[in-house]
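Asks: CSV, C-alpha atoms, saved as protein_5.csv, coming up:
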```csv
chain,number,residue,atom,x,y,z
A,1,MET,CA,-10.9,-1.9,30.6
A,2,VAL,CA,-10.2,1.7,29.9
A,3,ILE,CA,-11.9,3.2,26.8
A,4,PHE,CA,-9.2,4.6,24.6
A,5,GLN,CA,-10.5,7.6,22.9
A,6,THR,CA,-8.9,9.6,20.0
A,7,LEU,CA,-6.1,7.1,19.5
A,8,MET,CA,-3.0,8.6,17.8
A,9,ASN,CA,0.4,7.4,16.9
A,10,SER,CA,2.4,9.3,19.5
A,11,THR,CA,4.9,7.4,21.6
A,12,LYS,CA,3.4,8.7,24.8
A,13,GLN,CA,-0.1,7.4,23.9
A,14,ILE,CA,1.3,4.0,22.8
A,15,ALA,CA,3.2,3.7,26.1
A,16,GLU,CA,0.0,4.6,28.1
A,17,ILE,CA,-2.0,2.0,26.4
A,18,PHE,CA,0.8,-0.6,26.7
A,19,SER,CA,1.0,0.1,30.4
A,20,THR,CA,-2.7,-0.3,30.9
A,21,LEU,CA,-2.8,-3.6,29.0
A,22,TYR,CA,0.4,-5.2,30.1
A,23,GLY,CA,1.5,-3.4,33.2
A,24,THR,CA,4.9,-2.3,31.8
A,25,SER,CA,6.4,-0.2,29.1
A,26,PRO,CA,7.3,-1.2,25.5
A,27,GLN,CA,11.0,-1.8,24.7
A,28,TRP,CA,10.7,-0.7,21.0
A,29,ILE,CA,8.5,1.5,18.9
A,30,VAL,CA,8.1,0.3,15.3
A,31,ARG,CA,6.7,2.6,12.7
A,32,ALA,CA,5.7,1.6,9.1
A,33,PRO,CA,4.2,4.1,6.6
A,34,GLY,CA,1.5,3.6,4.1
A,35,ARG,CA,2.2,4.2,0.4
A,36,ILE,CA,0.6,5.8,-2.7
A,37,ASN,CA,1.5,4.7,-6.2
A,38,LEU,CA,1.9,7.5,-8.8
A,39,ILE,CA,1.8,5.2,-11.8
A,40,GLY,CA,2.2,1.5,-12.6
A,41,GLU,CA,-0.9,-0.2,-11.3
A,42,HIS,CA,-1.4,-4.0,-11.5
A,43,ILE,CA,1.9,-4.5,-13.2
A,44,ASP,CA,4.1,-5.1,-10.1
A,45,TYR,CA,3.1,-8.8,-10.0
A,46,LEU,CA,3.8,-9.0,-13.7
A,47,GLY,CA,7.5,-7.9,-13.4
A,48,GLY,CA,6.9,-4.3,-14.5
A,49,SER,CA,8.3,-1.1,-13.2
A,50,VAL,CA,6.2,1.0,-10.8
A,51,MET,CA,6.5,4.3,-9.0
A,52,PRO,CA,5.3,4.2,-5.4
A,53,ALA,CA,6.1,6.6,-2.5
A,54,ALA,CA,5.9,6.1,1.2
A,55,ILE,CA,3.6,8.7,3.0
A,56,ASP,CA,3.5,10.2,6.4
A,57,ARG,CA,0.4,8.3,7.5
A,58,THR,CA,1.7,5.4,9.6
A,59,LEU,CA,1.1,2.2,11.6
A,60,ALA,CA,2.9,2.2,14.9
A,61,MET,CA,3.6,-0.8,17.1
A,62,GLY,CA,4.8,-0.8,20.7
A,63,VAL,CA,6.6,-4.1,21.4
A,64,ARG,CA,8.1,-5.9,24.4
A,65,ALA,CA,9.5,-9.5,24.7
A,66,ASN,CA,7.5,-11.5,27.1
A,67,GLY,CA,9.6,-14.6,27.6
A,68,THR,CA,6.9,-17.0,26.4
A,69,ASP,CA,5.8,-18.8,23.2
A,70,LEU,CA,2.8,-16.5,22.9
A,71,ILE,CA,2.2,-13.4,20.7
A,72,ASN,CA,-0.3,-11.0,22.4
A,73,ILE,CA,-1.7,-8.3,20.1
A,74,TRP,CA,-4.0,-5.3,20.8
A,75,SER,CA,-5.0,-3.1,17.8
A,76,SER,CA,-6.9,0.1,18.0
A,77,GLU,CA,-8.5,-0.7,14.6
A,78,GLU,CA,-9.7,-4.2,15.4
A,79,GLN,CA,-10.3,-4.5,19.1
A,80,GLY,CA,-11.4,-1.2,20.7
A,81,GLU,CA,-12.0,-2.0,24.4
A,82,ASP,CA,-11.4,-5.7,24.1
A,83,ALA,CA,-8.4,-7.5,25.7
A,84,PRO,CA,-5.4,-8.4,23.6
A,85,LEU,CA,-5.7,-11.5,21.3
A,86,SER,CA,-3.2,-14.3,21.7
A,87,PHE,CA,-1.8,-17.0,19.5
A,88,GLY,CA,1.1,-19.5,19.8
A,89,LEU,CA,4.3,-19.4,17.8
A,90,LEU,CA,4.2,-23.1,16.8
A,91,GLY,CA,2.1,-24.7,14.1
A,92,LEU,CA,0.9,-21.4,12.6
A,93,LYS,CA,-1.8,-21.6,10.0
A,94,PRO,CA,-4.0,-19.1,8.3
A,95,PHE,CA,-6.6,-17.4,10.5
A,96,GLU,CA,-10.2,-17.1,9.5
A,97,GLY,CA,-13.3,-15.1,10.4
A,98,ASP,CA,-12.9,-12.2,12.8
A,99,ARG,CA,-9.2,-13.2,13.2
A,100,TYR,CA,-8.4,-12.9,9.5
A,101,TRP,CA,-6.4,-9.7,10.0
A,102,LEU,CA,-3.9,-11.7,12.1
A,103,ASN,CA,-2.7,-13.3,8.9
A,104,TYR,CA,-0.6,-10.2,8.3
A,105,ILE,CA,1.1,-10.9,11.6
A,106,GLY,CA,1.1,-14.6,12.0
A,107,GLY,CA,2.0,-15.2,8.4
A,108,VAL,CA,5.1,-12.9,8.7
A,109,ILE,CA,6.2,-14.7,11.9
A,110,GLU,CA,5.9,-18.1,10.1
A,111,MET,CA,7.9,-16.9,7.1
A,112,LEU,CA,10.6,-15.6,9.3
A,113,ARG,CA,10.8,-18.9,11.1
A,114,ARG,CA,11.1,-20.8,7.8
A,115,ASP,CA,13.9,-18.4,6.8
A,116,GLY,CA,16.0,-19.3,9.8
A,117,LEU,CA,15.1,-16.7,12.3
A,118,LYS,CA,13.9,-17.9,15.7
A,119,PRO,CA,10.9,-15.8,16.7
A,120,THR,CA,10.1,-15.5,20.4
A,121,GLY,CA,7.0,-14.3,22.2
A,122,PHE,CA,6.1,-10.6,22.5
A,123,ASP,CA,3.4,-8.3,23.6
A,124,ALA,CA,2.3,-5.5,21.2
A,125,VAL,CA,0.0,-2.5,20.9
A,126,ILE,CA,-0.9,-1.3,17.4
A,127,THR,CA,-2.3,2.2,16.6
A,128,THR,CA,-2.6,3.8,13.2
A,129,ASP,CA,-3.8,6.9,11.4
A,130,LEU,CA,-3.5,4.9,8.1
A,131,PRO,CA,-7.0,3.9,6.9
A,132,SER,CA,-7.4,0.2,6.1
A,133,GLY,CA,-9.0,-0.9,2.9
A,134,ALA,CA,-8.1,2.4,1.2
A,135,GLY,CA,-5.5,1.1,-1.3
A,136,LEU,CA,-2.7,2.6,0.8
A,137,SER,CA,-0.9,-0.6,1.8
A,138,SER,CA,-2.1,-0.9,5.4
A,139,SER,CA,-1.5,-4.6,5.1
A,140,ALA,CA,2.1,-4.2,4.0
A,141,ALA,CA,2.6,-1.7,6.8
A,142,LEU,CA,1.4,-4.3,9.3
A,143,GLU,CA,3.6,-7.0,7.8
A,144,THR,CA,6.7,-4.8,7.8
A,145,ALA,CA,6.1,-3.6,11.4
A,146,THR,CA,5.7,-7.2,12.5
A,147,ALA,CA,8.9,-8.3,10.8
A,148,LEU,CA,10.8,-5.4,12.5
A,149,ALA,CA,9.2,-6.3,15.8
A,150,VAL,CA,10.5,-9.8,15.6
A,151,GLU,CA,13.9,-8.6,14.6
A,152,SER,CA,14.0,-6.2,17.5
A,153,VAL,CA,12.9,-8.8,20.0
A,154,THR,CA,15.4,-11.5,18.8
A,155,GLY,CA,18.3,-9.1,18.1
A,156,GLN,CA,18.4,-10.4,14.5
A,157,GLN,CA,18.4,-8.2,11.4
A,158,LEU,CA,17.3,-8.9,7.9
A,159,ASP,CA,18.3,-7.3,4.7
A,160,PRO,CA,15.5,-5.0,3.8
A,161,ILE,CA,14.8,-6.5,0.4
A,162,ARG,CA,14.7,-10.0,2.0
A,163,ARG,CA,12.3,-8.7,4.6
A,164,ALA,CA,10.0,-7.3,1.9
A,165,MET,CA,10.1,-10.6,0.1
A,166,LEU,CA,9.2,-12.6,3.2
A,167,CYS,CA,6.3,-10.2,4.0
A,168,ARG,CA,5.0,-10.6,0.4
A,169,GLN,CA,5.2,-14.4,0.8
A,170,ALA,CA,3.2,-14.1,4.0
A,171,GLU,CA,0.5,-12.2,2.1
A,172,HIS,CA,0.4,-14.9,-0.6
A,173,GLU,CA,0.2,-17.9,1.7
A,174,PHE,CA,-1.8,-16.6,4.7
A,175,ALA,CA,-3.9,-13.7,3.4
A,176,GLY,CA,-4.5,-15.3,0.0
A,177,VAL,CA,-3.6,-12.2,-2.0
A,178,PRO,CA,-1.1,-12.8,-4.9
A,179,CYS,CA,0.5,-9.4,-4.7
A,180,GLY,CA,3.7,-8.2,-6.2
A,181,ILE,CA,6.7,-6.8,-4.3
A,182,MET,CA,5.8,-3.1,-4.7
A,183,ASP,CA,4.0,-2.4,-1.4
A,184,GLN,CA,6.5,-4.1,0.9
A,185,ILE,CA,9.5,-2.3,-0.7
A,186,ALA,CA,7.8,1.1,-0.7
A,187,VAL,CA,6.8,0.7,2.9
A,188,GLY,CA,10.2,-0.6,4.0
A,189,LEU,CA,12.5,1.5,1.8
A,190,GLY,CA,10.7,4.7,0.9
A,191,GLN,CA,12.6,7.9,0.8
A,192,LYS,CA,11.4,11.4,1.8
A,193,ASP,CA,10.8,13.8,-1.1
A,194,CYS,CA,11.0,10.9,-3.6
A,195,ALA,CA,9.0,8.2,-5.3
A,196,LEU,CA,10.8,5.0,-6.1
A,197,MET,CA,11.3,3.9,-9.7
A,198,LEU,CA,11.1,0.2,-8.8
A,199,ASP,CA,11.8,-2.7,-11.2
A,200,CYS,CA,9.6,-5.5,-9.8
A,201,SER,CA,11.4,-8.1,-11.9
A,202,ASP,CA,14.5,-7.8,-9.8
A,203,ALA,CA,13.5,-5.5,-6.9
A,204,SER,CA,16.0,-2.8,-7.9
A,205,PHE,CA,15.0,0.8,-7.6
A,206,VAL,CA,16.2,4.4,-8.0
A,207,PRO,CA,14.7,7.4,-6.2
A,208,VAL,CA,12.8,9.9,-8.4
A,209,GLN,CA,12.6,13.4,-7.0
A,210,ILE,CA,9.1,14.9,-6.7
A,211,PRO,CA,9.3,18.5,-7.8
A,212,GLU,CA,9.3,21.1,-5.0
A,213,GLY,CA,6.0,22.8,-4.3
A,214,ILE,CA,3.9,19.7,-5.0
A,215,ALA,CA,1.6,18.3,-2.4
A,216,ILE,CA,-0.1,14.9,-2.3
A,217,LEU,CA,-3.8,14.7,-1.8
A,218,VAL,CA,-5.3,11.3,-1.0
A,219,SER,CA,-9.1,10.9,-1.3
A,220,ASP,CA,-10.3,7.7,0.4
A,221,THR,CA,-13.8,6.8,-0.9
A,222,ARG,CA,-14.4,4.6,2.2
A,223,VAL,CA,-15.5,1.9,-0.3
A,224,ASN,CA,-13.9,-1.3,1.0
A,225,HIS,CA,-11.6,-3.0,-1.5
A,226,ALA,CA,-11.2,-6.5,-0.2
A,227,LEU,CA,-8.5,-8.0,-2.4
A,228,GLY,CA,-8.9,-11.5,-1.0
A,229,ASP,CA,-12.3,-11.9,-2.5
A,230,GLY,CA,-11.1,-13.3,-5.9
A,231,GLU,CA,-11.2,-10.3,-8.2
A,232,TYR,CA,-7.5,-9.6,-7.8
A,233,GLN,CA,-6.6,-13.2,-8.5
A,234,LYS,CA,-8.9,-13.1,-11.6
A,235,ARG,CA,-6.9,-10.2,-13.0
A,236,ARG,CA,-3.6,-12.0,-12.5
A,237,GLU,CA,-5.0,-15.2,-14.1
A,238,SER,CA,-6.2,-13.2,-17.1
A,239,CYS,CA,-2.8,-11.7,-17.6
A,240,ASP,CA,-1.1,-15.0,-17.4
A,241,GLN,CA,-3.5,-16.4,-19.9
A,242,ALA,CA,-2.9,-13.5,-22.3
A,243,LEU,CA,0.9,-13.9,-22.0
A,244,ARG,CA,0.7,-17.5,-23.0
A,245,ILE,CA,-1.2,-16.5,-26.2
A,246,PHE,CA,1.6,-14.0,-27.0
A,247,ALA,CA,4.1,-16.9,-26.5
A,248,LYS,CA,6.4,-14.5,-24.7
A,249,SER,CA,8.4,-15.2,-21.5
A,250,SER,CA,7.7,-11.8,-19.9
A,251,TRP,CA,5.4,-8.8,-20.4
A,252,GLY,CA,8.4,-6.6,-21.1
A,253,GLU,CA,8.6,-8.4,-24.5
A,254,VAL,CA,5.1,-7.6,-25.6
A,255,SER,CA,4.6,-4.6,-27.8
A,256,LEU,CA,1.5,-2.7,-29.0
A,257,ASP,CA,2.0,-4.3,-32.4
A,258,ASP,CA,1.7,-7.7,-30.7
A,259,LEU,CA,-1.6,-6.6,-29.2
A,260,GLU,CA,-3.1,-5.9,-32.6
A,261,LEU,CA,-1.7,-9.1,-34.2
A,262,GLN,CA,-3.3,-11.3,-31.5
A,263,LYS,CA,-6.4,-9.2,-31.0
A,264,SER,CA,-8.8,-11.9,-32.4
A,265,GLU,CA,-7.3,-14.8,-30.5
A,266,LEU,CA,-7.2,-12.8,-27.2
A,267,GLY,CA,-10.9,-11.8,-27.4
A,268,PRO,CA,-12.2,-8.5,-26.0
A,269,LEU,CA,-11.6,-9.2,-22.3
A,270,LEU,CA,-8.0,-10.5,-22.5
A,271,HIS,CA,-7.2,-7.8,-25.1
A,272,GLY,CA,-8.3,-5.1,-22.7
A,273,ARG,CA,-6.3,-6.6,-19.9
A,274,ALA,CA,-3.2,-6.9,-22.0
A,275,ARG,CA,-3.6,-3.4,-23.4
A,276,HIS,CA,-3.6,-2.0,-19.9
A,277,VAL,CA,-0.4,-3.9,-19.0
A,278,VAL,CA,1.5,-2.8,-22.1
A,279,SER,CA,0.4,0.8,-22.0
A,280,GLU,CA,0.9,1.1,-18.2
A,281,MET,CA,4.5,-0.2,-18.5
A,282,ALA,CA,5.1,2.6,-21.1
A,283,ARG,CA,3.5,5.2,-18.8
A,284,VAL,CA,5.9,4.5,-15.9
A,285,SER,CA,8.9,5.4,-18.0
A,286,LYS,CA,7.2,8.5,-19.3
A,287,MET,CA,6.3,9.5,-15.8
A,288,SER,CA,9.9,9.2,-14.6
A,289,ASN,CA,11.0,11.5,-17.4
A,290,ALA,CA,8.2,14.0,-16.9
A,291,LEU,CA,9.0,14.3,-13.2
A,292,ALA,CA,12.7,14.6,-13.8
A,293,SER,CA,12.2,17.4,-16.4
A,294,GLY,CA,9.4,19.1,-14.4
A,295,ASP,CA,6.9,18.7,-17.3
A,296,LEU,CA,3.8,18.8,-15.2
A,297,ALA,CA,1.5,19.0,-18.2
A,298,GLN,CA,2.8,15.6,-19.2
A,299,VAL,CA,2.3,14.3,-15.7
A,300,ALA,CA,-1.4,15.3,-15.9
A,301,GLU,CA,-1.9,13.4,-19.2
A,302,ILE,CA,-0.1,10.3,-17.9
A,303,MET,CA,-2.0,10.0,-14.7
A,304,LYS,CA,-5.3,10.6,-16.5
A,305,ALA,CA,-4.6,8.0,-19.1
A,306,GLY,CA,-3.5,5.6,-16.4
A,307,HIS,CA,-6.8,5.9,-14.6
A,308,GLU,CA,-8.8,5.5,-17.8
A,309,SER,CA,-6.9,2.3,-18.6
A,310,LEU,CA,-7.6,0.9,-15.2
A,311,ARG,CA,-11.3,1.9,-15.5
A,312,ASP,CA,-11.9,0.7,-19.1
A,313,ASP,CA,-9.4,-2.0,-19.9
A,314,PHE,CA,-8.6,-3.6,-16.5
A,315,GLU,CA,-12.0,-2.8,-14.9
A,316,VAL,CA,-10.8,-2.3,-11.4
A,317,SER,CA,-12.3,1.2,-10.8
A,318,CYS,CA,-15.7,2.1,-9.4
A,319,LEU,CA,-18.2,5.0,-9.6
A,320,GLU,CA,-16.7,6.7,-6.5
A,321,LEU,CA,-13.1,6.6,-7.8
A,322,ASP,CA,-14.2,7.8,-11.3
A,323,LEU,CA,-16.1,10.7,-9.8
A,324,LEU,CA,-13.1,11.9,-7.8
A,325,VAL,CA,-10.7,11.7,-10.7
A,326,ASP,CA,-13.2,13.5,-13.0
A,327,ALA,CA,-13.8,16.1,-10.4
A,328,ALA,CA,-10.0,16.7,-10.0
A,329,TYR,CA,-9.6,17.3,-13.7
A,330,GLU,CA,-12.7,19.5,-13.6
A,331,PHE,CA,-10.9,21.6,-11.0
A,332,GLY,CA,-8.2,22.0,-13.6
A,333,THR,CA,-4.5,22.3,-14.0
A,334,ASP,CA,-4.9,26.0,-14.4
A,335,ARG,CA,-6.0,26.1,-10.8
A,336,GLY,CA,-3.2,24.0,-9.5
A,337,LEU,CA,-4.0,20.3,-10.2
A,338,VAL,CA,-1.0,18.4,-11.5
A,339,GLY,CA,-2.6,15.0,-12.0
A,340,SER,CA,-5.0,12.5,-10.5
A,341,ARG,CA,-5.8,8.8,-10.7
A,342,MET,CA,-6.9,5.9,-8.6
A,343,THR,CA,-4.2,4.3,-6.5
A,344,GLY,CA,-3.9,0.7,-5.2
A,345,GLY,CA,-5.6,-2.5,-6.2
A,346,GLY,CA,-9.0,-0.8,-7.0
A,347,PHE,CA,-12.6,-2.0,-6.4
A,348,GLY,CA,-12.8,0.9,-4.1
A,349,GLY,CA,-10.1,2.6,-2.1
A,350,SER,CA,-8.5,5.9,-2.9
A,351,THR,CA,-7.4,8.3,-5.5
A,352,VAL,CA,-4.1,10.2,-5.4
A,353,SER,CA,-3.8,13.7,-6.7
A,354,LEU,CA,-0.6,15.7,-7.2
A,355,VAL,CA,-1.4,19.4,-6.7
A,356,ARG,CA,0.5,22.6,-6.2
A,357,GLU,CA,0.8,23.3,-2.4
A,358,GLU,CA,-1.1,26.6,-2.5
A,359,SER,CA,-4.1,24.9,-4.2
A,360,ALA,CA,-4.2,21.7,-2.1
A,361,GLU,CA,-6.9,22.9,0.4
A,362,SER,CA,-9.1,24.2,-2.5
A,363,LEU,CA,-8.9,20.9,-4.4
A,364,LYS,CA,-9.6,19.0,-1.2
A,365,SER,CA,-12.8,21.1,-0.6
A,366,HIS,CA,-13.8,20.7,-4.3
A,367,LEU,CA,-13.5,16.9,-4.2
A,368,GLU,CA,-15.3,16.7,-0.9
A,369,ASP,CA,-18.2,18.8,-2.2
A,370,ARG,CA,-18.5,16.9,-5.4
A,371,PHE,CA,-18.4,13.5,-3.6
A,372,ARG,CA,-20.9,14.6,-1.0
A,373,SER,CA,-23.3,15.9,-3.6
A,374,ARG,CA,-23.2,12.7,-5.7
A,375,PHE,CA,-23.1,10.0,-3.0
A,376,ASN,CA,-24.5,11.8,0.1
A,377,SER,CA,-21.5,10.5,2.1
A,378,GLU,CA,-18.1,11.9,3.2
A,379,PRO,CA,-14.8,10.8,1.6
A,380,ASN,CA,-11.7,10.8,3.8
A,381,CYS,CA,-9.5,13.4,2.1
A,382,PHE,CA,-6.2,14.3,3.5
A,383,ILE,CA,-3.1,16.1,2.4
A,384,THR,CA,0.1,14.1,3.0
A,385,GLN,CA,3.8,14.1,2.0
A,386,THR,CA,6.4,11.5,1.2
A,387,SER,CA,8.3,9.9,4.0
A,388,ASP,CA,11.2,7.5,4.8
A,389,GLY,CA,10.4,3.8,5.1
A,390,ALA,CA,9.8,1.7,8.2
A,391,SER,CA,12.0,1.8,11.3
A,392,ALA,CA,12.3,0.5,14.8
A,393,GLN,CA,13.8,2.4,17.8
A,394,ALA,CA,14.3,1.6,21.4
A,395,PHE,CA,11.6,3.1,23.5
A,396,LYS,CA,14.0,4.7,26.0
A,397,LEU,CA,15.6,6.7,23.2
A,398,LEU,CA,12.3,8.2,22.3
A,399,GLN,CA,11.3,9.4,25.7
```
What do you get writing this file as structure tokens?

Replies:
Amino acid sequence: MVIFQTLMNSTKQIAEIFSTLYGTSPQWIVRAPGRINLIGEHIDYLGGSVMPAAIDRTLAMGVRANGTDLINIWSSEEQGEDAPLSFGLLGLKPFEGDRYWLNYIGGVIEMLRRDGLKPTGFDAVITTDLPSGAGLSSSAALETATALAVESVTGQQLDPIRRAMLCRQAEHEFAGVPCGIMDQIAVGLGQKDCALMLDCSDASFVPVQIPEGIAILVSDTRVNHALGDGEYQKRRESCDQALRIFAKSSWGEVSLDDLELQKSELGPLLHGRARHVVSEMARVSKMSNALASGDLAQVAEIMKAGHESLRDDFEVSCLELDLLVDAAYEFGTDRGLVGSRMTGGGFGGSTVSLVREESAESLKSHLEDRFRSRFNSEPNCFITQTSDGASAQAFKLLQ
């Protein structure tokens, strides 16, 4: 087996790997981006509004129908020099152990089958420059790419919102993560130069322009944030419990006054969880207005308050994330910072910082230095930009 060194997402490299593994060329190249979330964390599964944006770090998949009932998958992240993994289309159940990552593929195929599509076998090569476990929706990118691969192979096409919902269901049932719809919609329907103001109660959204001259700096702590280990589920259960105490049908009906009225019955833990939800929902609306008006000072305050709420009330941050956010504000808005906070489910992962383009490299160096000094390890910091959502193209058109 050839040792594939320095794997990238270029069509040429995917084709070379595909040829080595399968003796032919792919028919389609599918690309699915990662995403950051500017504000609105841990409220997507509670029917709140959020503000994600697709980014230019992507997962790419070369695909070819193989005329069998087998799915053959090779991934640069998971397999290295190993041969492709195979599984059958029929009787799909959740994978365990070293094959757990296949849940994001097999689960999607099973959901599509249940929805009336008729998946057929295909060979695939997956490469990515999107770090996994970094809070950037690498799982949703893999799910969305898989759905588009099946659609390409079968000649069937799903409505993008329906595709996102089926991918979310796959994550619920196969990966065991009770996520909301934010990640799948951001990955599938992102728009360049914009974040999406997404109402997770009905999956409707409007684009929100990001002001010109603003760069996005992602700082991956490299602390793994396994969401399937139970902590994510505990947060959701706490929120459901708190909502029952409020005797409301949705979190959109809960006010800050309700929080104080029920403080004693909620107790410290549930009161903190509820305070995050209510205040974060308010921050999303404020963020939309601040971006639209170009009020960058307000953006800084909103993102800082959002991180503090996730750290103190929802308790999903960690020392590494806190240091990066503190270091960003230490760098200062006078030197070009716009705002910074953790992004994603937490328990590790990444921070996202908005920064003036001319200051992005300086902020990046500052965060790397502060992180290295405190933890004696290297974060994965990179400057990125918004992008359009996932797509599939015939390989011959890309040559």

Asks: So which one's closest to Phe382 of chain A, A:Gln241, A:Thr221, A:Gln262, A:Ser152? Using only C-alpha atoms, please.

Replies: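 Of A:Gln241, A:Thr221, A:Gln262, A:Ser152, the one nearest Phe382 of chain A, counting only C-alpha atoms, is A:Thr221.
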
Asks: Set the distance at 12 Å and use all atoms listed in the file: which residues neighbour Ser25 of chain A once local chain neighbours fewer than 5 positions away are removed? I'd like the list as number ranges by chain.

Replies: A: 11-20, 62-66, 123-125, 394-396, 399

Asks: With distances taken over only C-alpha atoms, which of A:Tyr22, A:Phe205, A:Phe87, A:Phe314 is nearest to Tyr232 of chain A?

Replies: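 With only C-alpha atoms as the atom set, the closest residue is A:Phe314.
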
Asks: Which polymer residues have any atom within 10 Å of an atom of Glu77 of chain A, counting all atoms listed in the file, with same-chain residues fewer than 5 positions away left out, as a PDB file with C-alpha atoms, in the coordinates of the input?

Replies:
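Dumped to part.pdb:
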```pdb
ATOM      1  CA  LEU A   7      -6.100   7.100  19.500  1.00  0.00           C
ATOM      2  CA  ILE A 126      -0.900  -1.300  17.400  1.00  0.00           C
ATOM      3  CA  THR A 127      -2.300   2.200  16.600  1.00  0.00           C
ATOM      4  CA  THR A 128      -2.600   3.800  13.200  1.00  0.00           C
ATOM      5  CA  ASP A 129      -3.800   6.900  11.400  1.00  0.00           C
ATOM      6  CA  LEU A 130      -3.500   4.900   8.100  1.00  0.00           C
ATOM      7  CA  PRO A 131      -7.000   3.900   6.900  1.00  0.00           C
ATOM      8  CA  SER A 132      -7.400   0.200   6.100  1.00  0.00           C
TER       9      SER A 132
END
```

Asks: Show me, as a PyMOL selection string, the residues that have an atom within 9 Å of segment 315-330 of chain A when counting all atoms listed in the file, minus same-chain residues fewer than 5 positions from it.

Replies: chain A and resi 219-221+223+231-232+235+272-273+300+304+307-310+337-342+345-353+363+366-368+370-371+374-375

Asks: Would you mind reading off the distance between atom CA of Arg113 of chain A and atom CA of Pro94 of chain A, one decimal, in Å?

Replies: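 Atom CA of Arg113 of chain A sits 15.1 Å away from atom CA of Pro94 of chain A.
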
Asks: What's the 7 Å shell around Val206 of chain A, counting all atoms listed in the file, without same-chain residues fewer than 4 positions away, as a PyMOL selection string?

Replies: chain A and resi 196-198

Asks: Closest to Trp251 of chain A among A:Cys200, A:Asn72, A:Thr154, A:Pro268, using all atoms listed in the file?

Replies: A:Cys200

Asks: State, in Å with one decimal place, the distance from atom CA of Leu296 of chain A to atom CA of Pro211 of chain A.

Replies: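 We find that atom CA of Leu296 of chain A and atom CA of Pro211 of chain A lie 9.2 Å from each other.
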
Asks: Which residue, A:Gln191, A:Gln233, A:Ser249, A:Asn224, has the smallest gap to Ile55 of chain A when you use only C-alpha atoms?

Replies: A:Gln191

Asks: Rounded to one decimal in Å, what is the spacing between atom CA of Leu158 of chain A and atom CA of Val50 of chain A?

Replies: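 Rounded to one decimal, the two atoms are 23.9 Å apart.
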
Asks: Please list as a PyMOL selection string every residue within 10 Å of segment 258-261 of chain A, counting all atoms listed in the file and excluding residues in the same chain fewer than 4 positions away.

Replies: chain A and resi 242+246+253-254+265-266+271-272+274-275+278

Asks: Would you mind telling me which residue in A:Thr384, A:Gln298, A:Gln393, A:Asn289 lies nearest to Ala360 of chain A when using all atoms listed in the file?

Replies: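 Closest candidate: A:Thr384.
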
Asks: Nearest to His276 of chain A among A:Gly116, A:Pro84, A:Gly40, A:Gly34, with distances taken over all atoms listed in the file: which residue is it?

Replies: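 Among A:Gly116, A:Pro84, A:Gly40, A:Gly34, it is A:Gly40 that comes nearest to His276 of chain A.
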